[in-house]
Amino acid sequence: MKIIKSVKEMQEFSESLRNSGKKIAFVPTMGYFHRGHLSLMEEGKKLGDCLVISIYVNPTQFGPEEDLEKYPKDFERDRKLSEDVGVDVILYPPNSEMYPEHYQTFIDVEGVTNNLCGLSRPGHFRGVTTICAKLFNIVKPHVTVFGKKDFQQLAAIKRMVIDLNMDLEVVGIPTVREADGLAMSSRNIYLKEVERESALSLSRSLKLAKELYENGERNAGKIIDEAKKFIEGYPHTKIDYVNICDTITMEDTEYLESETVIALAVRVGKARLIDNYVFGEPLDI
Ligand code: PAF
């Protein structure tokens with residue numbers, strides 16, 4: 001397994017792979033791996049001849065009050081886990097490679113980033129789409145894999161790839177959960193023991209929304225109210241949003257007619273957790 005820190009070296013390596021007819025699969029990450037990351041890599045392994053991942057905690061997607069400084073890191077552990085999955089290259093660039101002096105260019109995907117986390121984390125998606133576009137130009141992948149847990153992020157990346165004519169396939173894969181239903185997230189380590197049960201309010205409220213849908217409820221407001229009431233029944237929770245949106249536009253919908261997703265962001269103690277469920281899909285909880 002190669003570890004590459006330089007943009008130029010990665011570009012040259014990817015170019016040589018492409019010239020020899022190899023298919024490059026790419027998984028961008030911010031490190032501190034859990035099983036969710038590993039499942040993205042396993043999917044990447046299936047989709048390409050060479051699997052490149054990146055580990056880079058991207059400063060431009062964090063707000064001034066967010067956890068950039070204390071975002072968890074453990075490169076040695078990540079390196080070992082990547083090796084076990086069969087990753088071929090880790091791109092591990094320093095900030096000076098990604099945002100050199102005089103850096104001025106950003107990508108703003110409009111529309112799909114206006115709602116949900118776009119409202120509560122201003123500038124977040126601008127940072128995400130910018131870094132992903134840069135990473136795509138550096139790694140030159142044929143296919144890239146993202147988790148559906150960050151549903152709006154996936155929608156924004158898909159939109160950007162279409163709108164900017166990037167020659168790249170974007171694959172979304174299902175959320176990986178703990179046995180009790182909690183969606184895997186690097187931020188779960190912020191949960192104190194007494195908050196762990198409250199964190200289950202997210203996945204359990206999705207299960208409730210699924211049941212309401214399966215019993216014929218199609219009024220978004222009614223499902224949202226039930227989900228909110230359910231979450232508020234747990235201590236230590238503070239709802240950021242509970243919305244039901246069209247899966248392509250990410251705009252709120254009143255009635256569940258097109259393909260829709262219920263998306264949640266809830267603060268549990270210091271952790272801000274997100275989760276979602278696309279109506280009609282399975283939910284293994
Ligand atoms: O989902 C993440 O971990 C990050 O937002 C990403 C896609 C690696 C961009 O920094």
# chains A, B, ... in the order shown; residues from 1 in each chain; ligands from 1
$ residues_near_ligand --ligand "ligand 1" --cutoff "8 Å" --atoms "only C-alpha atoms and all ligand atoms" --output "list in words"
Val27, Pro28, Thr29, Met30, Gly31, Ser54, Ile55, Tyr56, Val57, Asn58, Gln61, Gly127, Val128, Thr129, Ile131, Cys132, Phe146, Gly147, Asp150 and Gln153 of chain A
$ residues_around --residues "Ile231 of chain A" --least-positions-apart "3" --cutoff "7 Å" --atoms "only C-alpha atoms" --output "JSON, numbers by chain"
{"A": [201, 202, 205, 227, 228, 234]}
$ select_by_dssp --residues "segment 56-210 of chain A" --states "alpha helix (DSSP H)" --output "PyMOL selection string"
chain A and resi 75-85+95-98+117-120+124-139+151-163+193-210
$ closest_residue --among "A:Cys117, A:Met10, A:Ile3, A:Val176" --to "Glu76 of chain A" --atoms "only C-alpha atoms"
A:Ile3
$ residues_around --residues "Met41 of chain A" --least-positions-apart "4" --cutoff "8 Å" --atoms "only C-alpha atoms" --output "PDB file with C-alpha atoms, in the first residue's frame"
ATOM      1  CA  VAL A  27     -13.250   6.921  -1.382  1.00  0.00           C
ATOM      2  CA  HIS A  37     -15.830   3.790   6.170  1.00  0.00           C
ATOM      3  CA  LYS A  45     -12.562  -2.530  -3.963  1.00  0.00           C
ATOM      4  CA  LEU A  51      -8.604   1.587  -4.742  1.00  0.00           C
ATOM      5  CA  ILE A  53      -8.722   6.609  -0.459  1.00  0.00           C
ATOM      6  CA  VAL A  85      -9.382  -3.912   3.448  1.00  0.00           C
ATOM      7  CA  VAL A  87      -6.605  -0.228  -0.137  1.00  0.00           C
ATOM      8  CA  VAL A 145     -18.183   5.906  -3.318  1.00  0.00           C
TER       9      VAL A 145
END
$ closest_residue --among "A:Lys2, A:Lys148, A:Lys140, A:Lys46" --to "Arg177 of chain A" --atoms "only C-alpha atoms"
A:Lys148
$ atom_distance --atom1 "atom CA of Lys238 of chain A" --atom2 "atom CA of Arg267 of chain A"
5.0 Å
$ closest_residue --among "A:Val109, A:Ile189, A:Leu264, A:Leu135" --to "Phe26 of chain A" --atoms "only C-alpha atoms"
A:Leu135
$ atom_distance --atom1 "atom CA of Gly123 of chain A" --atom2 "atom CA of Met160 of chain A"
15.7 Å
$ atom_distance --atom1 "atom CA of Pro122 of chain A" --atom2 "atom CA of Gly63 of chain A"
7.2 Å
$ residues_around --residues "Thr249 of chain A" --least-positions-apart "3" --cutoff "9 Å" --atoms "only C-alpha atoms" --output "ChimeraX atom specification"
/A:111-113,155,245-246,252
$ write_last_selection --atoms "all heavy atoms" --output "PDB file, in the first residue's frame"
ATOM      1  N   GLY A 111     -29.352  25.250  -4.568  1.00  0.00           N
ATOM      2  CA  GLY A 111     -30.551  24.397  -4.533  1.00  0.00           C
ATOM      3  C   GLY A 111     -30.437  23.276  -3.517  1.00  0.00           C
ATOM      4  O   GLY A 111     -30.879  23.429  -2.374  1.00  0.00           O
ATOM      5  N   VAL A 112     -29.827  22.176  -3.894  1.00  0.00           N
ATOM      6  CA  VAL A 112     -29.795  21.008  -2.991  1.00  0.00           C
ATOM      7  C   VAL A 112     -29.085  21.305  -1.670  1.00  0.00           C
ATOM      8  O   VAL A 112     -29.287  20.586  -0.688  1.00  0.00           O
ATOM      9  CB  VAL A 112     -29.153  19.739  -3.603  1.00  0.00           C
ATOM     10  CG1 VAL A 112     -29.963  19.193  -4.726  1.00  0.00           C
ATOM     11  CG2 VAL A 112     -27.728  19.963  -4.033  1.00  0.00           C
ATOM     12  N   THR A 113     -28.266  22.338  -1.628  1.00  0.00           N
ATOM     13  CA  THR A 113     -27.557  22.631  -0.376  1.00  0.00           C
ATOM     14  C   THR A 113     -28.240  23.736   0.431  1.00  0.00           C
ATOM     15  O   THR A 113     -27.737  24.140   1.481  1.00  0.00           O
ATOM     16  CB  THR A 113     -26.088  23.049  -0.629  1.00  0.00           C
ATOM     17  OG1 THR A 113     -26.076  24.321  -1.287  1.00  0.00           O
ATOM     18  CG2 THR A 113     -25.354  22.034  -1.469  1.00  0.00           C
ATOM     19  N   ALA A 155     -26.254  14.018  -2.398  1.00  0.00           N
ATOM     20  CA  ALA A 155     -27.072  14.722  -3.410  1.00  0.00           C
ATOM     21  C   ALA A 155     -26.276  15.881  -4.023  1.00  0.00           C
ATOM     22  O   ALA A 155     -26.335  16.129  -5.234  1.00  0.00           O
ATOM     23  CB  ALA A 155     -28.364  15.232  -2.775  1.00  0.00           C
ATOM     24  N   CYS A 245     -38.022  15.525   2.464  1.00  0.00           N
ATOM     25  CA  CYS A 245     -37.601  16.211   1.240  1.00  0.00           C
ATOM     26  C   CYS A 245     -37.624  15.274   0.040  1.00  0.00           C
ATOM     27  O   CYS A 245     -37.488  14.056   0.198  1.00  0.00           O
ATOM     28  CB  CYS A 245     -36.157  16.684   1.360  1.00  0.00           C
ATOM     29  SG  CYS A 245     -35.839  17.671   2.789  1.00  0.00           S
ATOM     30  N   ASP A 246     -37.712  15.891  -1.121  1.00  0.00           N
ATOM     31  CA  ASP A 246     -37.518  15.159  -2.366  1.00  0.00           C
ATOM     32  C   ASP A 246     -36.044  14.717  -2.431  1.00  0.00           C
ATOM     33  O   ASP A 246     -35.153  15.508  -2.121  1.00  0.00           O
ATOM     34  CB  ASP A 246     -37.852  16.100  -3.540  1.00  0.00           C
ATOM     35  CG  ASP A 246     -37.674  15.425  -4.869  1.00  0.00           C
ATOM     36  OD1 ASP A 246     -36.540  15.446  -5.393  1.00  0.00           O
ATOM     37  OD2 ASP A 246     -38.659  14.862  -5.370  1.00  0.00           O
ATOM     38  N   ASP A 252     -38.284  20.632   0.686  1.00  0.00           N
ATOM     39  CA  ASP A 252     -39.330  20.037   1.529  1.00  0.00           C
ATOM     40  C   ASP A 252     -40.536  19.640   0.674  1.00  0.00           C
ATOM     41  O   ASP A 252     -40.873  20.343  -0.280  1.00  0.00           O
ATOM     42  CB  ASP A 252     -39.804  21.060   2.572  1.00  0.00           C
ATOM     43  CG  ASP A 252     -38.720  21.349   3.602  1.00  0.00           C
ATOM     44  OD1 ASP A 252     -37.769  20.553   3.694  1.00  0.00           O
ATOM     45  OD2 ASP A 252     -38.834  22.376   4.289  1.00  0.00           O
TER      46      ASP A 252
END
$ residues_around --residues "Leu81 of chain A" --least-positions-apart "2" --cutoff "12 Å" --atoms "only C-alpha atoms" --output "count of residues only"
24
$ closest_residue --among "A:Thr175, A:Thr130, A:Thr260, A:Asn215" --to "Asp275 of chain A" --atoms "only C-alpha atoms"
A:Thr175
$ residues_around --residues "Tyr277 of chain A" --least-positions-apart "6" --cutoff "7 Å" --atoms "only C-alpha atoms" --output "MDAnalysis selection string"
chainID A and resid 206 261:263
$ write_last_selection --atoms "N, CA, C and O atoms" --output "PDB file, in the first residue's frame"
ATOM      1  N   LEU A 206     -36.880   7.122  12.945  1.00  0.00           N
ATOM      2  CA  LEU A 206     -36.968   6.767  11.517  1.00  0.00           C
ATOM      3  C   LEU A 206     -37.823   5.516  11.350  1.00  0.00           C
ATOM      4  O   LEU A 206     -38.607   5.398  10.407  1.00  0.00           O
ATOM      5  N   VAL A 261     -37.241  11.538   1.364  1.00  0.00           N
ATOM      6  CA  VAL A 261     -36.366  11.100   2.448  1.00  0.00           C
ATOM      7  C   VAL A 261     -36.734  11.897   3.701  1.00  0.00           C
ATOM      8  O   VAL A 261     -37.015  13.098   3.602  1.00  0.00           O
ATOM      9  N   ILE A 262     -36.766  11.213   4.843  1.00  0.00           N
ATOM     10  CA  ILE A 262     -36.888  11.960   6.100  1.00  0.00           C
ATOM     11  C   ILE A 262     -35.463  12.103   6.632  1.00  0.00           C
ATOM     12  O   ILE A 262     -34.724  11.119   6.752  1.00  0.00           O
ATOM     13  N   ALA A 263     -35.064  13.353   6.877  1.00  0.00           N
ATOM     14  CA  ALA A 263     -33.693  13.625   7.306  1.00  0.00           C
ATOM     15  C   ALA A 263     -33.728  14.310   8.663  1.00  0.00           C
ATOM     16  O   ALA A 263     -34.548  15.205   8.893  1.00  0.00           O
TER      17      ALA A 263
END
